[in-house]
Amino acid sequence: MSLAVTSSTSSAKARILAKHDDDVVIVSAVRTAITKAKKGGFKDTSPDLLLSHVLRAAYTKPGLDPVLIEDISVGNVLPDRGGASAARMASLHAGIPLTSSVNTVNRQCSSGLTSVNHIASLIKIGQIDIGIGAGVESMTHGFGKKYQEAEFSAEVLENQLARDCLIPMGLTSENVASDYGLSRYEQDVFAAASFQKAAAAQKAGKISPEILPVKAKIVDPKSGERKEVLVDYDDGVREGVTVDTLAKLKPAFTKGGSTHAGNASQVSDGAAAVLLARRSVAVKLGLPIIGKFVSAATAGVPPRIMGVGPAYAIPKVLKQNGLEIGDIDFFEINEAFASQALFSVRHLGIPMEKVNVHGGAIAIGHPLGCTGSRQIATGMNIARQYGARVFVTSMCIGSGMGMAAVFVSEQ
């Protein structure tokens, strides 16, 4: 488990490394542990409380007076009514004054990055100086609803692309594997590597610096006893996973298919938050600066193969900044499924050793609204440990999209 950082000397990389007063900088990036839905440490914790923990940590860790937080954006996918009231309640519980506003956003698996991009955009245009982009999901409490065609307009469903938006995610994974000739063995090799990297990093204590330990109450399903536990590690990570052990698992979505429980992202609970500010304001206040948000981009792709999104969003955000793949020290690409992550990496020609250095969602888990923010906390932790400067985060998005962003570490 290592990351060899090569020094790219391109003018584009030098340009984004340069510091300017109007940069959008990252003051803190924190996340909870990611735990198994319905089984893990947060199975009895509501998402508003999870969110409150990371919002409070985001400003207390750098010593910021919360009265200076002007706006908060929260990525959240599953709750009814968009989780808007719950997010506001969480911010107030976290000690953030009522004068700070809150909104929630839902761009499915990119919601936690969309929230950060929203706050960064407000800072860039001068509307605010300081804000928090966050993400939360309790898949224990919200996951499992299946949409039926009867819920939608028959006229809209006459459009095949619109109808394809209702294809279950697992079947879109099978479509990617079939369309691009990805064997189950190749997918299992990728998935096993994710588990092995995560297990090694966890054992070596390399993941713990990015995790906010949280005291949570859990209910024993047998005795009904309620007790308090400290949740401070990703409980979906498993040691000893190999291609051979994954080969024993049955396909989950189609008979003879290649997607199964071991090469798809885990259903999980978790939260993350990123405190952003204008550089000049952060410097004036004496706040720590750990990195910089450079830019983000989204791209649309066919809904039936929604997982290929990163293969199109990443080139778009790199082009925005004149960057090439070789300018990026490492990539955090969400592993919704091994099929789509593997396709994206190969399509773009990214060296595998630069991808998900400490493992990805197959091993760690994927709380839908949280992941986009979680990847930033993970990226900053990896950058600090390996001396990396520039990294990209990316994910596919249900209904056929992808999103990617470029960050700089200044640690």
# chains A, B, ... in the order shown; residues from 1 in each chain; ligands from 1
$ residues_around --residues "A:Ile16" --least-positions-apart "4" --cutoff "8 Å" --atoms "only C-alpha atoms" --output "JSON, numbers by chain"
{"A": [12, 294, 321, 408]}
$ residues_around --residues "A:Ala4" --least-positions-apart "2" --cutoff "9 Å" --atoms "only C-alpha atoms" --output "VMD selection string"
chain A and resid 2 6 329 353 to 354 386 388
$ residues_around --residues "stretch 56-61 of chain A" --least-positions-apart "6" --cutoff "8 Å" --atoms "only C-alpha atoms" --output "PyMOL selection string"
chain A and resi 28-30+91+94-96+132+212+273-275
$ write_last_selection --atoms "N, CA and C atoms" --output "mmCIF file, in the first residue's frame"
data_model
loop_
_atom_site.group_PDB
_atom_site.id
_atom_site.type_symbol
_atom_site.label_atom_id
_atom_site.label_comp_id
_atom_site.auth_asym_id
_atom_site.auth_seq_id
_atom_site.Cartn_x
_atom_site.Cartn_y
_atom_site.Cartn_z
ATOM 1 N N SER A 28 -11.500 22.666 6.888
ATOM 2 C CA SER A 28 -11.570 21.354 7.532
ATOM 3 C C SER A 28 -12.415 20.420 6.678
ATOM 4 N N ALA A 29 -12.165 19.135 6.811
ATOM 5 C CA ALA A 29 -12.958 18.117 6.116
ATOM 6 C C ALA A 29 -13.031 16.905 7.042
ATOM 7 N N VAL A 30 -14.220 16.604 7.515
ATOM 8 C CA VAL A 30 -14.377 15.533 8.502
ATOM 9 C C VAL A 30 -15.468 14.570 8.057
ATOM 10 N N SER A 91 -28.299 21.537 12.041
ATOM 11 C CA SER A 91 -27.389 22.683 12.164
ATOM 12 C C SER A 91 -27.620 23.423 13.474
ATOM 13 N N ALA A 94 -26.228 21.489 16.285
ATOM 14 C CA ALA A 94 -24.770 21.509 16.244
ATOM 15 C C ALA A 94 -24.176 22.805 16.783
ATOM 16 N N GLY A 95 -25.023 23.722 17.217
ATOM 17 C CA GLY A 95 -24.532 24.974 17.785
ATOM 18 C C GLY A 95 -24.319 26.072 16.773
ATOM 19 N N ILE A 96 -24.800 25.872 15.568
ATOM 20 C CA ILE A 96 -24.703 26.904 14.537
ATOM 21 C C ILE A 96 -25.908 27.825 14.695
ATOM 22 N N ILE A 132 -20.475 25.722 4.709
ATOM 23 C CA ILE A 132 -20.205 24.290 4.855
ATOM 24 C C ILE A 132 -20.962 23.522 3.778
ATOM 25 N N LEU A 212 -14.175 11.036 12.405
ATOM 26 C CA LEU A 212 -14.612 11.637 13.663
ATOM 27 C C LEU A 212 -15.237 10.538 14.522
ATOM 28 N N ALA A 273 -18.600 16.475 6.319
ATOM 29 C CA ALA A 273 -18.768 17.923 6.149
ATOM 30 C C ALA A 273 -17.437 18.573 5.789
ATOM 31 N N VAL A 274 -17.524 19.598 4.948
ATOM 32 C CA VAL A 274 -16.343 20.330 4.477
ATOM 33 C C VAL A 274 -16.575 21.811 4.712
ATOM 34 N N LEU A 275 -15.699 22.432 5.487
ATOM 35 C CA LEU A 275 -15.786 23.867 5.764
ATOM 36 C C LEU A 275 -14.948 24.617 4.745
#
$ select_by_dssp --residues "stretch 13-244 of chain A" --states "strand (DSSP E)" --output "PyMOL selection string"
chain A and resi 24-31+35-36+71-75+101-105+130-138+214-219+226-231
$ select_by_dssp --residues "stretch 306-342 of chain A" --states "helix (DSSP H, G or I)" --output "PyMOL selection string"
chain A and resi 306-320+325-327+338-342
$ residues_around --residues "A:Met89" --least-positions-apart "3" --cutoff "12 Å" --atoms "only C-alpha atoms" --output "JSON list (two decimals) with N, CA and C atoms, in the first residue's frame"
[["chain", "number", "residue", "atom", "x", "y", "z"],
["A", 46, "SER", "N", -30.36, 8.41, 13.91],
["A", 46, "SER", "CA", -31.08, 9.11, 12.84],
["A", 46, "SER", "C", -30.11, 9.99, 12.04],
["A", 47, "PRO", "N", -30.42, 10.25, 10.78],
["A", 47, "PRO", "CA", -29.50, 11.04, 9.95],
["A", 47, "PRO", "C", -29.29, 12.47, 10.45],
["A", 48, "ASP", "N", -30.30, 13.06, 11.09],
["A", 48, "ASP", "CA", -30.13, 14.43, 11.58],
["A", 48, "ASP", "C", -29.07, 14.49, 12.68],
["A", 49, "LEU", "N", -28.98, 13.44, 13.50],
["A", 49, "LEU", "CA", -27.96, 13.42, 14.55],
["A", 49, "LEU", "C", -26.58, 13.15, 13.95],
["A", 50, "LEU", "N", -26.51, 12.26, 12.97],
["A", 50, "LEU", "CA", -25.24, 12.03, 12.28],
["A", 50, "LEU", "C", -24.72, 13.33, 11.68],
["A", 51, "LEU", "N", -25.61, 14.04, 11.02],
["A", 51, "LEU", "CA", -25.23, 15.31, 10.39],
["A", 51, "LEU", "C", -24.79, 16.33, 11.42],
["A", 52, "SER", "N", -25.49, 16.40, 12.54],
["A", 52, "SER", "CA", -25.12, 17.35, 13.60],
["A", 52, "SER", "C", -23.69, 17.12, 14.07],
["A", 55, "LEU", "N", -21.25, 18.53, 11.38],
["A", 55, "LEU", "CA", -21.33, 19.99, 11.28],
["A", 55, "LEU", "C", -20.61, 20.65, 12.45],
["A", 83, "GLY", "N", -35.30, 16.05, 3.17],
["A", 83, "GLY", "CA", -34.52, 16.18, 4.39],
["A", 83, "GLY", "C", -34.26, 17.61, 4.80],
["A", 84, "ALA", "N", -35.04, 18.56, 4.24],
["A", 84, "ALA", "CA", -34.75, 19.98, 4.47],
["A", 84, "ALA", "C", -34.90, 20.39, 5.93],
["A", 85, "SER", "N", -35.99, 20.01, 6.55],
["A", 85, "SER", "CA", -36.21, 20.38, 7.95],
["A", 85, "SER", "C", -35.19, 19.69, 8.85],
["A", 86, "ALA", "N", -34.89, 18.41, 8.56],
["A", 86, "ALA", "CA", -33.92, 17.67, 9.37],
["A", 86, "ALA", "C", -32.55, 18.31, 9.31],
["A", 92, "LEU", "N", -28.87, 23.57, 13.87],
["A", 92, "LEU", "CA", -29.17, 24.25, 15.13],
["A", 92, "LEU", "C", -28.69, 23.43, 16.32],
["A", 93, "HIS", "N", -28.88, 22.13, 16.26],
["A", 93, "HIS", "CA", -28.40, 21.24, 17.33],
["A", 93, "HIS", "C", -26.88, 21.26, 17.42],
["A", 94, "ALA", "N", -26.23, 21.49, 16.28],
["A", 94, "ALA", "CA", -24.77, 21.51, 16.24],
["A", 94, "ALA", "C", -24.18, 22.80, 16.78],
["A", 95, "GLY", "N", -25.02, 23.72, 17.22],
["A", 95, "GLY", "CA", -24.53, 24.97, 17.79],
["A", 95, "GLY", "C", -24.32, 26.07, 16.77],
["A", 96, "ILE", "N", -24.80, 25.87, 15.57],
["A", 96, "ILE", "CA", -24.70, 26.90, 14.54],
["A", 96, "ILE", "C", -25.91, 27.83, 14.69],
["A", 97, "PRO", "N", -25.69, 29.13, 14.76],
["A", 97, "PRO", "CA", -26.80, 30.04, 15.08],
["A", 97, "PRO", "C", -27.90, 30.05, 14.03],
["A", 98, "LEU", "N", -29.07, 30.45, 14.45],
["A", 98, "LEU", "CA", -30.22, 30.44, 13.54],
["A", 98, "LEU", "C", -30.07, 31.44, 12.40],
["A", 100, "SER", "N", -27.64, 31.45, 10.40],
["A", 100, "SER", "CA", -27.01, 30.72, 9.29],
["A", 100, "SER", "C", -28.08, 29.92, 8.56],
["A", 101, "SER", "N", -28.10, 30.03, 7.24],
["A", 101, "SER", "CA", -29.14, 29.36, 6.46],
["A", 101, "SER", "C", -28.69, 27.96, 6.03],
["A", 102, "VAL", "N", -29.67, 27.15, 5.63],
["A", 102, "VAL", "CA", -29.41, 25.75, 5.26],
["A", 102, "VAL", "C", -30.26, 25.38, 4.05],
["A", 103, "ASN", "N", -29.68, 24.59, 3.14],
["A", 103, "ASN", "CA", -30.48, 23.98, 2.09],
["A", 103, "ASN", "C", -30.03, 22.54, 1.89]]
